[in-house]
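A.B. asks: Dropping a structure here in structure tokens format, bear with me for questions.
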Amino acid sequence: AAIPDDFDQRVARGREWQDRLVGRPRRLMLVSSSRATPLELATAERIDGPVCPRERTTAPVLAWIDRRAGRWELKLFSGDATRVVLGQNSILRNPCVASTAAGLVLACERDEQSGSGEVLVLAQDGTQLLSIPGRNPAIVAVSDGVVLLTEQCSRNEIFLKVTRISGGHVSGEADIRHADYTFNAGLAWSGAGDEVFVAAENCPAFGEGSQLGKHREIMVWRYSAGIVTPFPSAAGNILPVEKRAFQSVGPENLPPIRPQVIVEQGRPVVVFRQFRYHGFKTFGWDMFWCRLNGEAWDPPARLSPCLSSPDTGACILPFDGRYIGMFPALEHDGEAGRTYGHRVEFHEFNESQRLPRFEIAGDKGLRSD
């Protein structure tokens with residue numbers, strides 16, 4: 001239909017479009033080889049998640065937050081049943097779950113009355129184990145408990161807090177600070193004691209120049225027994241990601257983002273995404289990893305043959321000496337147009353995976369300084 005000339009009619013048309021498309025309920029489906037048809041776990045106005053434990057489980061375990069009629073609920077699917085762990089009439093976000101010897105432990109974020117973030121840690125029956133200031137929690141099981149990672153935010157600084165929880169009580173804490181902002185961290189257990197590896201983005205405070213945050217680096221730390229140290233060394237915990245950029249009005253970075261950590265034989269492998277410039281109005285990211293070679297990081301190797309989005313869930317799973325990559329794939333022609341062909345691609349590869357580097361054409365004003 002033609003776009004109305006009258007402003008009020010255009011507003012009404014926009015609201016009608018929103019009601020029909022944007023306001024459609026979200027559905028959460030479980031697809032399993034043991035089921036003939038997908039199982040619907042949730043239908044809601046909004047769904048945050050789902051997430052699953054980093055640890056191996058004998059059956060599917062999923063946690064998510066959904067919203068219906070102004071009420072938010074943290075839910076858990078385990079043992080073929082769904083239960084409400086926490087419900088309230090104000091926003092909940094960023095769910096995560098860990099599988100420990102004593103049972104499942106969940107964490108999520110909510111707003112305090114002051115407006116700052118609060119992270120709740122809960123047992124699977126809804127019992128609150130811990131409440132601390134922070135946002136964007138990540139949690140993993142370790143020997144005799146869990147390790148919780150949170151972002152601590154102020155106007156001019158973001159740093160990470162590592163909290164060791166054992167027997168429902170805090171048994172160790174440490175802060176990770178570097179540059180102005182340290183955030184979007186990945187976390188994994190080494191397999192020994194309470195030792196975990198953390199990889200995070202680091203950058204100067206936003207607004208210090210023509211581009212937000214200038215260059216971002218990914219750095220790696222080791223936490224054990226209440227102490228944080230750079231890993232593998234103080235001089236070698238920055239991933240060797242080349243500082244590449246294209247130029248328009250000012251230098252624009254192609255920064256590494258959203259690191260994930262997987263562990264092989266007690267040593268970390270760091271997976272991340274990086275923007276691929278391939279034309280005017282580009283949209284698309286590649287996935288890379290950096291692996292340790294002795295006591296130094298090898299240069300990044302591209303894993304994903306497809307373009308992907310920057311924030312949709314993706315992961316690399318070790319499997320019998322090989323890896324399964326699950327990539328949220330899309331197509332984009334590198335011009336001013338919409339993305340299309342959205343799908344999930346599954347790829348199997350080994351540790352030597354290294355797809356060809358995607359070069360930026362020389363006439364695009366590539367900067368390497």
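Within each chain, counting starts at residue 1; across the structure tokens, chains are named A, B, ... in the order shown, with ligands numbered 1 upward in that order.
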Give me, as a list of chain:residue names, all polymer residues having an atom no more than 10 Å from Asp311 of chain A, counting only C-alpha atoms and skipping those fewer than 4 positions away in the same chain.
C.D. replies: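 The residues satisfying every condition are A:Ile257, A:Arg258, A:Arg273, A:Trp285, A:Pro328.
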A.B. asks: Deliver the residues from the most recent selection as a file, using C-alpha atoms, as a compact mmCIF listing (two decimals), in the first residue's frame.
C.D. replies:
```txt
# COMPACT_ATOMS: atom_id res chain seq x y z
CA ILE A 257 35.40 -8.36 20.09
CA ARG A 258 33.54 -10.82 22.34
CA ARG A 273 35.19 -12.00 16.24
CA TRP A 285 32.15 -10.41 11.11
CA PRO A 328 25.32 -17.55 12.88
```
A.B. asks: Please identify all polymer residues within 7 Å of segment 340-351 of chain A, counting only C-alpha atoms, omitting same-chain residues fewer than 2 positions from it, and present them as JSON, numbers by chain.
C.D. replies: {"A": [322, 323, 324, 325, 326, 327, 328, 329, 330, 331, 332, 338, 353]}
A.B. asks: Write the selection just made, keeping N, CA, C and O atoms, as a PDB file, in the first residue's frame?
C.D. replies:
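So again.pdb came out as:
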```pdb
ATOM      1  N   ARG A 322      38.678 -33.062  17.806  1.00  0.00           N
ATOM      2  CA  ARG A 322      38.359 -32.112  16.750  1.00  0.00           C
ATOM      3  C   ARG A 322      37.440 -31.041  17.314  1.00  0.00           C
ATOM      4  O   ARG A 322      37.207 -30.985  18.533  1.00  0.00           O
ATOM      5  N   TYR A 323      36.909 -30.179  16.453  1.00  0.00           N
ATOM      6  CA  TYR A 323      36.092 -29.062  16.903  1.00  0.00           C
ATOM      7  C   TYR A 323      34.852 -28.954  16.032  1.00  0.00           C
ATOM      8  O   TYR A 323      34.899 -29.192  14.824  1.00  0.00           O
ATOM      9  N   ILE A 324      33.750 -28.575  16.674  1.00  0.00           N
ATOM     10  CA  ILE A 324      32.519 -28.262  15.970  1.00  0.00           C
ATOM     11  C   ILE A 324      32.274 -26.766  16.134  1.00  0.00           C
ATOM     12  O   ILE A 324      32.169 -26.270  17.263  1.00  0.00           O
ATOM     13  N   GLY A 325      32.222 -26.039  15.029  1.00  0.00           N
ATOM     14  CA  GLY A 325      31.926 -24.616  15.064  1.00  0.00           C
ATOM     15  C   GLY A 325      30.477 -24.369  14.680  1.00  0.00           C
ATOM     16  O   GLY A 325      30.000 -24.901  13.680  1.00  0.00           O
ATOM     17  N   MET A 326      29.772 -23.596  15.500  1.00  0.00           N
ATOM     18  CA  MET A 326      28.385 -23.210  15.220  1.00  0.00           C
ATOM     19  C   MET A 326      28.358 -21.712  14.988  1.00  0.00           C
ATOM     20  O   MET A 326      28.556 -20.918  15.923  1.00  0.00           O
ATOM     21  N   PHE A 327      28.163 -21.315  13.737  1.00  0.00           N
ATOM     22  CA  PHE A 327      28.305 -19.926  13.324  1.00  0.00           C
ATOM     23  C   PHE A 327      26.960 -19.368  12.853  1.00  0.00           C
ATOM     24  O   PHE A 327      26.306 -19.974  11.986  1.00  0.00           O
ATOM     25  N   PRO A 328      26.522 -18.209  13.387  1.00  0.00           N
ATOM     26  CA  PRO A 328      25.319 -17.553  12.876  1.00  0.00           C
ATOM     27  C   PRO A 328      25.655 -16.855  11.554  1.00  0.00           C
ATOM     28  O   PRO A 328      26.242 -15.772  11.545  1.00  0.00           O
ATOM     29  N   ALA A 329      25.297 -17.454  10.445  1.00  0.00           N
ATOM     30  CA  ALA A 329      25.760 -16.992   9.134  1.00  0.00           C
ATOM     31  C   ALA A 329      24.733 -16.061   8.484  1.00  0.00           C
ATOM     32  O   ALA A 329      23.532 -16.133   8.757  1.00  0.00           O
ATOM     33  N   LEU A 330      25.242 -15.205   7.611  1.00  0.00           N
ATOM     34  CA  LEU A 330      24.395 -14.292   6.846  1.00  0.00           C
ATOM     35  C   LEU A 330      25.109 -13.926   5.560  1.00  0.00           C
ATOM     36  O   LEU A 330      26.299 -14.197   5.382  1.00  0.00           O
ATOM     37  N   GLU A 331      24.380 -13.301   4.658  1.00  0.00           N
ATOM     38  CA  GLU A 331      24.944 -12.784   3.416  1.00  0.00           C
ATOM     39  C   GLU A 331      24.787 -11.279   3.392  1.00  0.00           C
ATOM     40  O   GLU A 331      23.769 -10.740   3.842  1.00  0.00           O
ATOM     41  N   HIS A 332      25.814 -10.602   2.892  1.00  0.00           N
ATOM     42  CA  HIS A 332      25.736  -9.152   2.678  1.00  0.00           C
ATOM     43  C   HIS A 332      26.649  -8.804   1.523  1.00  0.00           C
ATOM     44  O   HIS A 332      27.775  -9.289   1.441  1.00  0.00           O
ATOM     45  N   ARG A 338      20.246  -4.614   2.776  1.00  0.00           N
ATOM     46  CA  ARG A 338      19.969  -5.456   3.930  1.00  0.00           C
ATOM     47  C   ARG A 338      20.769  -6.754   3.869  1.00  0.00           C
ATOM     48  O   ARG A 338      21.159  -7.214   2.800  1.00  0.00           O
ATOM     49  N   GLN A 353      43.140 -25.562  11.615  1.00  0.00           N
ATOM     50  CA  GLN A 353      42.244 -24.754  10.783  1.00  0.00           C
ATOM     51  C   GLN A 353      42.787 -23.331  10.628  1.00  0.00           C
ATOM     52  O   GLN A 353      43.058 -22.635  11.604  1.00  0.00           O
TER      53      GLN A 353
END
```
A.B. asks: Hey, what's within 9 Å of Gly49 of chain A if we count only C-alpha atoms and toss same-chain stuff fewer than 3 positions away? As a tab-separated table (two decimals) with all heavy atoms, in the first residue's frame, please?
C.D. replies:
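Heads up, here's the output in result.tsv:
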```
chain	number	residue	atom	x	y	z
A	52	CYS	N	23.49	-22.38	28.29
A	52	CYS	CA	23.68	-23.70	28.87
A	52	CYS	C	24.99	-23.72	29.64
A	52	CYS	O	25.84	-22.84	29.47
A	52	CYS	CB	23.66	-24.77	27.79
A	52	CYS	SG	24.92	-24.57	26.52
A	62	LEU	N	19.13	-25.87	30.14
A	62	LEU	CA	19.03	-24.54	29.55
A	62	LEU	C	18.46	-23.57	30.57
A	62	LEU	O	17.59	-23.93	31.37
A	62	LEU	CB	18.11	-24.55	28.32
A	62	LEU	CG	18.55	-25.40	27.12
A	62	LEU	CD1	17.41	-25.51	26.13
A	62	LEU	CD2	19.78	-24.80	26.47
A	63	ALA	N	18.95	-22.33	30.52
A	63	ALA	CA	18.39	-21.26	31.34
A	63	ALA	C	18.10	-20.07	30.45
A	63	ALA	O	18.81	-19.82	29.48
A	63	ALA	CB	19.36	-20.87	32.46
A	64	TRP	N	17.05	-19.33	30.78
A	64	TRP	CA	16.71	-18.14	30.01
A	64	TRP	C	15.82	-17.23	30.86
A	64	TRP	O	15.33	-17.62	31.93
A	64	TRP	CB	15.98	-18.51	28.71
A	64	TRP	CG	14.61	-19.09	28.88
A	64	TRP	CD1	13.41	-18.43	28.90
A	64	TRP	CD2	14.28	-20.48	29.08
A	64	TRP	NE1	12.38	-19.31	29.09
A	64	TRP	CE2	12.87	-20.57	29.19
A	64	TRP	CE3	15.04	-21.65	29.16
A	64	TRP	CZ2	12.22	-21.78	29.40
A	64	TRP	CZ3	14.39	-22.86	29.36
A	64	TRP	CH2	13.01	-22.91	29.48
A	65	ILE	N	15.63	-16.02	30.38
A	65	ILE	CA	14.72	-15.06	31.00
A	65	ILE	C	13.65	-14.71	29.98
A	65	ILE	O	13.98	-14.38	28.83
A	65	ILE	CB	15.46	-13.80	31.47
A	65	ILE	CG1	16.41	-14.13	32.62
A	65	ILE	CG2	14.47	-12.71	31.90
A	65	ILE	CD1	17.40	-13.03	32.95
A	66	ASP	N	12.38	-14.81	30.36
A	66	ASP	CA	11.34	-14.37	29.44
A	66	ASP	C	10.44	-13.33	30.12
A	66	ASP	O	10.40	-13.22	31.35
A	66	ASP	CB	10.54	-15.54	28.86
A	66	ASP	CG	9.80	-16.38	29.89
A	66	ASP	OD1	9.29	-15.80	30.86
A	66	ASP	OD2	9.73	-17.61	29.71
A	93	ARG	N	18.00	-9.75	33.37
A	93	ARG	CA	18.74	-9.91	32.12
A	93	ARG	C	20.03	-10.70	32.37
A	93	ARG	O	20.42	-10.95	33.50
A	93	ARG	CB	19.07	-8.56	31.48
A	93	ARG	CG	19.78	-7.58	32.40
A	93	ARG	CD	20.00	-6.23	31.72
A	93	ARG	NE	20.51	-5.26	32.69
A	93	ARG	CZ	19.76	-4.38	33.34
A	93	ARG	NH1	18.45	-4.35	33.13
A	93	ARG	NH2	20.30	-3.53	34.20
A	94	ASN	N	20.66	-11.10	31.25
A	94	ASN	CA	21.97	-11.77	31.26
A	94	ASN	C	22.00	-13.03	32.13
A	94	ASN	O	22.77	-13.12	33.09
A	94	ASN	CB	23.07	-10.80	31.70
A	94	ASN	CG	23.26	-9.65	30.74
A	94	ASN	OD1	23.07	-9.81	29.54
A	94	ASN	ND2	23.63	-8.49	31.25
A	95	PRO	N	21.18	-14.05	31.80
A	95	PRO	CA	21.22	-15.28	32.59
A	95	PRO	C	22.47	-16.10	32.28
A	95	PRO	O	23.04	-16.03	31.19
A	95	PRO	CB	19.97	-16.03	32.11
A	95	PRO	CG	19.81	-15.58	30.67
A	95	PRO	CD	20.25	-14.13	30.66
A	96	CYS	N	22.90	-16.90	33.24
A	96	CYS	CA	23.97	-17.88	33.03
A	96	CYS	C	23.77	-19.01	34.04
A	96	CYS	O	23.09	-18.84	35.06
A	96	CYS	CB	25.36	-17.26	33.15
A	96	CYS	SG	25.68	-16.35	34.66
A	313	GLY	N	24.59	-15.50	19.32
A	313	GLY	CA	25.33	-16.58	19.94
A	313	GLY	C	26.10	-17.43	18.93
A	313	GLY	O	25.59	-17.77	17.86
```
A.B. asks: Which residues of segment 74-169 of chain A sit at most 10 Å from segment 225-240 of chain A, using only C-alpha atoms? Give each one's shortest atom pair and distance in Å (one decimal place), in chain and ascending residue order, as CSV.
C.D. replies:
```
residue,atom,partner,partner_atom,distance
A:Val162,CA,A:Gly226,CA,8.4
A:Thr163,CA,A:Gly226,CA,8.5
A:Arg164,CA,A:Gly226,CA,7.9
```
A.B. asks: Take the residues just selected and output them with N, CA and C atoms as a compact mmCIF listing (two decimals), in the first residue's frame.
C.D. replies:
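To be explicit, this is the file written out as again15.txt:
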```txt
# COMPACT_ATOMS: atom_id res chain seq x y z
N VAL A 162 36.43 -11.04 40.00
CA VAL A 162 36.35 -12.49 40.09
C VAL A 162 35.97 -12.85 41.52
N THR A 163 34.89 -13.63 41.66
CA THR A 163 34.40 -14.01 42.98
C THR A 163 34.32 -15.53 43.07
N ARG A 164 35.06 -16.10 44.00
CA ARG A 164 35.05 -17.56 44.25
C ARG A 164 33.98 -17.84 45.28
```
A.B. asks: Could you pull the residues within 9 Å of segment 114-127 of chain A, counting only C-alpha atoms, minus those fewer than 2 positions along the same chain, as an mmCIF file with all heavy atoms, in the first residue's frame?
C.D. replies:
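For reference, result-v6.cif as written:
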```cif
data_model
loop_
_atom_site.group_PDB
_atom_site.id
_atom_site.type_symbol
_atom_site.label_atom_id
_atom_site.label_comp_id
_atom_site.auth_asym_id
_atom_site.auth_seq_id
_atom_site.Cartn_x
_atom_site.Cartn_y
_atom_site.Cartn_z
ATOM 1 N N LEU A 76 14.503 -22.369 34.191
ATOM 2 C CA LEU A 76 15.489 -23.433 34.044
ATOM 3 C C LEU A 76 14.807 -24.673 33.471
ATOM 4 O O LEU A 76 13.783 -25.118 34.006
ATOM 5 C CB LEU A 76 16.123 -23.747 35.393
ATOM 6 C CG LEU A 76 17.089 -24.935 35.447
ATOM 7 C CD1 LEU A 76 18.360 -24.625 34.668
ATOM 8 C CD2 LEU A 76 17.429 -25.292 36.893
ATOM 9 N N ARG A 83 11.121 -25.012 35.208
ATOM 10 C CA ARG A 83 10.693 -24.410 36.463
ATOM 11 C C ARG A 83 11.067 -22.929 36.476
ATOM 12 O O ARG A 83 12.018 -22.510 35.815
ATOM 13 C CB ARG A 83 11.345 -25.117 37.643
ATOM 14 C CG ARG A 83 12.818 -24.805 37.839
ATOM 15 C CD ARG A 83 13.506 -25.756 38.774
ATOM 16 N NE ARG A 83 13.732 -27.042 38.128
ATOM 17 C CZ ARG A 83 14.388 -28.043 38.703
ATOM 18 N NH1 ARG A 83 14.817 -27.920 39.939
ATOM 19 N NH2 ARG A 83 14.586 -29.169 38.063
ATOM 20 N N VAL A 84 10.329 -22.145 37.247
ATOM 21 C CA VAL A 84 10.627 -20.728 37.447
ATOM 22 C C VAL A 84 11.548 -20.614 38.654
ATOM 23 O O VAL A 84 11.182 -20.991 39.778
ATOM 24 C CB VAL A 84 9.345 -19.901 37.663
ATOM 25 C CG1 VAL A 84 9.698 -18.450 37.945
ATOM 26 C CG2 VAL A 84 8.429 -20.009 36.447
ATOM 27 N N VAL A 85 12.755 -20.113 38.436
ATOM 28 C CA VAL A 85 13.721 -19.946 39.518
ATOM 29 C C VAL A 85 13.525 -18.620 40.234
ATOM 30 O O VAL A 85 13.637 -18.518 41.452
ATOM 31 C CB VAL A 85 15.160 -20.060 38.967
ATOM 32 C CG1 VAL A 85 16.190 -19.858 40.083
ATOM 33 C CG2 VAL A 85 15.367 -21.399 38.288
ATOM 34 N N LEU A 86 13.191 -17.562 39.468
ATOM 35 C CA LEU A 86 13.013 -16.229 40.037
ATOM 36 C C LEU A 86 12.044 -15.460 39.159
ATOM 37 O O LEU A 86 12.151 -15.510 37.928
ATOM 38 C CB LEU A 86 14.356 -15.495 40.112
ATOM 39 C CG LEU A 86 14.334 -14.039 40.575
ATOM 40 C CD1 LEU A 86 13.915 -13.953 42.044
ATOM 41 C CD2 LEU A 86 15.698 -13.378 40.377
ATOM 42 N N GLY A 103 24.862 -29.564 42.296
ATOM 43 C CA GLY A 103 23.651 -29.155 41.594
ATOM 44 C C GLY A 103 23.903 -27.958 40.700
ATOM 45 O O GLY A 103 25.036 -27.452 40.583
ATOM 46 N N LEU A 104 22.846 -27.468 40.072
ATOM 47 C CA LEU A 104 22.944 -26.333 39.158
ATOM 48 C C LEU A 104 22.947 -25.023 39.936
ATOM 49 O O LEU A 104 22.241 -24.866 40.935
ATOM 50 C CB LEU A 104 21.773 -26.354 38.174
ATOM 51 C CG LEU A 104 21.691 -27.589 37.267
ATOM 52 C CD1 LEU A 104 20.392 -27.588 36.481
ATOM 53 C CD2 LEU A 104 22.890 -27.642 36.323
ATOM 54 N N VAL A 105 23.766 -24.084 39.466
ATOM 55 C CA VAL A 105 23.843 -22.738 40.049
ATOM 56 C C VAL A 105 23.604 -21.738 38.927
ATOM 57 O O VAL A 105 24.210 -21.839 37.854
ATOM 58 C CB VAL A 105 25.215 -22.486 40.708
ATOM 59 C CG1 VAL A 105 25.284 -21.069 41.268
ATOM 60 C CG2 VAL A 105 25.472 -23.510 41.808
ATOM 61 N N LEU A 106 22.727 -20.768 39.163
ATOM 62 C CA LEU A 106 22.387 -19.775 38.161
ATOM 63 C C LEU A 106 22.772 -18.386 38.624
ATOM 64 O O LEU A 106 22.927 -18.133 39.832
ATOM 65 C CB LEU A 106 20.883 -19.799 37.847
ATOM 66 C CG LEU A 106 20.300 -21.106 37.309
ATOM 67 C CD1 LEU A 106 19.753 -21.960 38.458
ATOM 68 C CD2 LEU A 106 19.212 -20.848 36.291
ATOM 69 N N ALA A 107 22.915 -17.478 37.670
ATOM 70 C CA ALA A 107 23.159 -16.075 37.983
ATOM 71 C C ALA A 107 22.439 -15.224 36.947
ATOM 72 O O ALA A 107 22.237 -15.648 35.804
ATOM 73 C CB ALA A 107 24.645 -15.751 38.000
ATOM 74 N N CYS A 108 22.021 -14.037 37.347
ATOM 75 C CA CYS A 108 21.414 -13.081 36.429
ATOM 76 C C CYS A 108 21.603 -11.686 36.994
ATOM 77 O O CYS A 108 22.048 -11.502 38.132
ATOM 78 C CB CYS A 108 19.932 -13.381 36.191
ATOM 79 S SG CYS A 108 18.877 -13.136 37.627
ATOM 80 N N GLU A 109 21.236 -10.699 36.197
ATOM 81 C CA GLU A 109 21.413 -9.289 36.565
ATOM 82 C C GLU A 109 20.054 -8.613 36.685
ATOM 83 O O GLU A 109 19.132 -8.914 35.924
ATOM 84 C CB GLU A 109 22.246 -8.592 35.488
ATOM 85 C CG GLU A 109 22.430 -7.096 35.684
ATOM 86 C CD GLU A 109 23.050 -6.442 34.463
ATOM 87 O OE1 GLU A 109 23.592 -7.171 33.610
ATOM 88 O OE2 GLU A 109 22.984 -5.192 34.365
ATOM 89 N N ARG A 110 19.942 -7.714 37.644
ATOM 90 C CA ARG A 110 18.750 -6.876 37.742
ATOM 91 C C ARG A 110 19.168 -5.479 38.185
ATOM 92 O O ARG A 110 20.314 -5.259 38.596
ATOM 93 C CB ARG A 110 17.732 -7.464 38.720
ATOM 94 C CG ARG A 110 18.135 -7.411 40.187
ATOM 95 C CD ARG A 110 17.050 -8.011 41.070
ATOM 96 N NE ARG A 110 17.411 -7.976 42.487
ATOM 97 C CZ ARG A 110 16.691 -8.549 43.447
ATOM 98 N NH1 ARG A 110 15.565 -9.203 43.135
ATOM 99 N NH2 ARG A 110 17.068 -8.481 44.714
ATOM 100 N N ASP A 111 18.242 -4.526 38.099
ATOM 101 C CA ASP A 111 18.531 -3.152 38.489
ATOM 102 C C ASP A 111 18.193 -2.936 39.953
ATOM 103 O O ASP A 111 17.135 -3.370 40.432
ATOM 104 C CB ASP A 111 17.729 -2.155 37.647
ATOM 105 C CG ASP A 111 18.181 -2.122 36.204
ATOM 106 O OD1 ASP A 111 19.351 -2.461 35.954
ATOM 107 O OD2 ASP A 111 17.374 -1.766 35.337
ATOM 108 N N GLU A 112 19.097 -2.237 40.662
ATOM 109 C CA GLU A 112 18.785 -1.800 42.009
ATOM 110 C C GLU A 112 17.924 -0.543 41.932
ATOM 111 O O GLU A 112 17.798 0.097 40.879
ATOM 112 C CB GLU A 112 20.071 -1.504 42.781
ATOM 113 C CG GLU A 112 20.944 -2.729 43.022
ATOM 114 C CD GLU A 112 22.205 -2.371 43.790
ATOM 115 O OE1 GLU A 112 22.815 -1.345 43.438
ATOM 116 O OE2 GLU A 112 22.562 -3.111 44.720
ATOM 117 N N LEU A 129 21.922 -17.375 46.909
ATOM 118 C CA LEU A 129 23.202 -17.674 47.528
ATOM 119 C C LEU A 129 24.038 -16.423 47.749
ATOM 120 O O LEU A 129 24.823 -16.359 48.691
ATOM 121 C CB LEU A 129 23.989 -18.661 46.653
ATOM 122 C CG LEU A 129 23.296 -19.977 46.304
ATOM 123 C CD1 LEU A 129 24.167 -20.805 45.368
ATOM 124 C CD2 LEU A 129 22.968 -20.757 47.576
ATOM 125 N N LEU A 130 23.869 -15.434 46.844
ATOM 126 C CA LEU A 130 24.747 -14.270 46.894
ATOM 127 C C LEU A 130 24.118 -13.141 46.105
ATOM 128 O O LEU A 130 23.422 -13.366 45.110
ATOM 129 C CB LEU A 130 26.124 -14.613 46.301
ATOM 130 C CG LEU A 130 27.198 -13.520 46.307
ATOM 131 C CD1 LEU A 130 27.619 -13.215 47.746
ATOM 132 C CD2 LEU A 130 28.407 -13.959 45.486
ATOM 133 N N SER A 131 24.369 -11.918 46.552
ATOM 134 C CA SER A 131 23.973 -10.721 45.820
ATOM 135 C C SER A 131 25.128 -9.729 45.892
ATOM 136 O O SER A 131 25.577 -9.381 46.990
ATOM 137 C CB SER A 131 22.705 -10.109 46.428
ATOM 138 O OG SER A 131 22.460 -8.828 45.876
ATOM 139 N N ILE A 132 25.632 -9.308 44.708
ATOM 140 C CA ILE A 132 26.737 -8.361 44.694
ATOM 141 C C ILE A 132 26.488 -7.308 43.614
ATOM 142 O O ILE A 132 25.789 -7.573 42.632
ATOM 143 C CB ILE A 132 28.098 -9.053 44.435
ATOM 144 C CG1 ILE A 132 28.131 -9.709 43.052
ATOM 145 C CG2 ILE A 132 28.406 -10.066 45.516
ATOM 146 C CD1 ILE A 132 29.500 -10.225 42.680
ATOM 147 N N PRO A 133 27.044 -6.111 43.766
ATOM 148 C CA PRO A 133 26.930 -5.111 42.702
ATOM 149 C C PRO A 133 27.641 -5.604 41.442
ATOM 150 O O PRO A 133 28.627 -6.352 41.514
ATOM 151 C CB PRO A 133 27.641 -3.884 43.285
ATOM 152 C CG PRO A 133 27.684 -4.112 44.760
ATOM 153 C CD PRO A 133 27.774 -5.596 44.937
ATOM 154 N N GLY A 134 27.145 -5.204 40.277
ATOM 155 C CA GLY A 134 27.804 -5.573 39.037
ATOM 156 C C GLY A 134 26.808 -5.815 37.928
ATOM 157 O O GLY A 134 25.591 -5.661 38.095
ATOM 158 N N ARG A 135 27.347 -6.203 36.773
ATOM 159 C CA ARG A 135 26.497 -6.512 35.630
ATOM 160 C C ARG A 135 27.162 -7.594 34.780
ATOM 161 O O ARG A 135 28.309 -7.976 35.013
ATOM 162 C CB ARG A 135 26.241 -5.259 34.783
ATOM 163 C CG ARG A 135 27.467 -4.773 34.029
ATOM 164 C CD ARG A 135 27.141 -3.618 33.105
ATOM 165 N NE ARG A 135 28.230 -3.374 32.162
ATOM 166 C CZ ARG A 135 28.270 -2.360 31.310
ATOM 167 N NH1 ARG A 135 27.297 -1.487 31.285
ATOM 168 N NH2 ARG A 135 29.299 -2.225 30.481
ATOM 169 N N ASN A 136 26.420 -8.092 33.807
ATOM 170 C CA ASN A 136 26.928 -9.016 32.796
ATOM 171 C C ASN A 136 27.665 -10.204 33.424
ATOM 172 O O ASN A 136 28.844 -10.436 33.138
ATOM 173 C CB ASN A 136 27.840 -8.264 31.815
ATOM 174 C CG ASN A 136 28.002 -9.001 30.501
ATOM 175 O OD1 ASN A 136 27.200 -9.877 30.174
ATOM 176 N ND2 ASN A 136 29.032 -8.668 29.749
ATOM 177 N N PRO A 137 27.009 -11.021 34.242
ATOM 178 C CA PRO A 137 27.696 -12.115 34.933
ATOM 179 C C PRO A 137 28.071 -13.261 33.995
ATOM 180 O O PRO A 137 27.425 -13.509 32.977
ATOM 181 C CB PRO A 137 26.662 -12.581 35.963
ATOM 182 C CG PRO A 137 25.346 -12.243 35.330
ATOM 183 C CD PRO A 137 25.574 -10.948 34.595
ATOM 184 N N LEU A 148 32.485 -16.777 39.810
ATOM 185 C CA LEU A 148 31.606 -15.786 39.188
ATOM 186 C C LEU A 148 32.436 -14.620 38.697
ATOM 187 O O LEU A 148 33.311 -14.112 39.406
ATOM 188 C CB LEU A 148 30.568 -15.299 40.205
ATOM 189 C CG LEU A 148 29.661 -14.147 39.766
ATOM 190 C CD1 LEU A 148 28.656 -14.616 38.727
ATOM 191 C CD2 LEU A 148 28.947 -13.541 40.982
ATOM 192 N N THR A 150 32.034 -10.704 37.081
ATOM 193 C CA THR A 150 31.093 -9.606 36.863
ATOM 194 C C THR A 150 31.845 -8.358 36.403
ATOM 195 O O THR A 150 33.040 -8.205 36.669
ATOM 196 C CB THR A 150 30.311 -9.254 38.143
ATOM 197 O OG1 THR A 150 31.239 -8.981 39.214
ATOM 198 C CG2 THR A 150 29.412 -10.402 38.559
ATOM 199 N N GLN A 152 32.219 -4.361 36.844
ATOM 200 C CA GLN A 152 31.989 -3.302 37.820
ATOM 201 C C GLN A 152 32.137 -1.964 37.091
ATOM 202 O O GLN A 152 33.206 -1.661 36.569
ATOM 203 C CB GLN A 152 32.977 -3.410 38.976
ATOM 204 C CG GLN A 152 32.976 -4.771 39.663
ATOM 205 C CD GLN A 152 31.655 -5.072 40.353
ATOM 206 O OE1 GLN A 152 31.098 -4.222 41.055
ATOM 207 N NE2 GLN A 152 31.137 -6.280 40.153
ATOM 208 N N CYS A 153 31.068 -1.191 37.059
ATOM 209 C CA CYS A 153 31.019 -0.037 36.156
ATOM 210 C C CYS A 153 30.844 1.266 36.921
ATOM 211 O O CYS A 153 30.080 1.356 37.886
ATOM 212 C CB CYS A 153 29.862 -0.180 35.168
ATOM 213 S SG CYS A 153 29.836 -1.753 34.304
#
```
A.B. asks: Hey, could you make a per-residue contact list for segment 252-310 of chain A against segment 177-193 of chain A with 7 Å as the cut-off, showing the nearest pair of atoms and its distance in Å to one decimal, counting only C-alpha atoms, sorted by chain and number, as JSON lines?
C.D. replies:
```
{"residue": "A:Arg258", "atom": "CA", "partner": "A:Asn184", "partner_atom": "CA", "distance": 5.7}
{"residue": "A:Pro259", "atom": "CA", "partner": "A:Gly186", "partner_atom": "CA", "distance": 5.5}
{"residue": "A:Gln260", "atom": "CA", "partner": "A:Gly186", "partner_atom": "CA", "distance": 4.5}
{"residue": "A:Val261", "atom": "CA", "partner": "A:Gly186", "partner_atom": "CA", "distance": 5.6}
{"residue": "A:Ile262", "atom": "CA", "partner": "A:Ala188", "partner_atom": "CA", "distance": 6.3}
{"residue": "A:Val263", "atom": "CA", "partner": "A:Ser190", "partner_atom": "CA", "distance": 6.2}
{"residue": "A:Gly266", "atom": "CA", "partner": "A:Ser190", "partner_atom": "CA", "distance": 4.8}
{"residue": "A:Arg267", "atom": "CA", "partner": "A:Ser190", "partner_atom": "CA", "distance": 6.8}
```
A.B. asks: Using backbone DSSP assignments, extract all strand (DSSP E) residues from segment 220-320 of chain A; output them as number ranges by chain.
C.D. replies: A: 220-224, 227-230, 245-247, 251-253, 256-264, 267-275, 285-290, 292-293, 296-297, 301-302, 307-308, 315-319
A.B. asks: Given only C-alpha atoms as the basis, pick out the residue of A:Val269, A:Ile3, A:Ala138, A:Ile165 nearest to Asn293 of chain A.
C.D. replies: A:Val269
A.B. asks: Measure the distance from atom CA of Gly334 of chain A to atom CA of Gln274 of chain A in Å and round it to one decimal.
C.D. replies: 15.7 Å
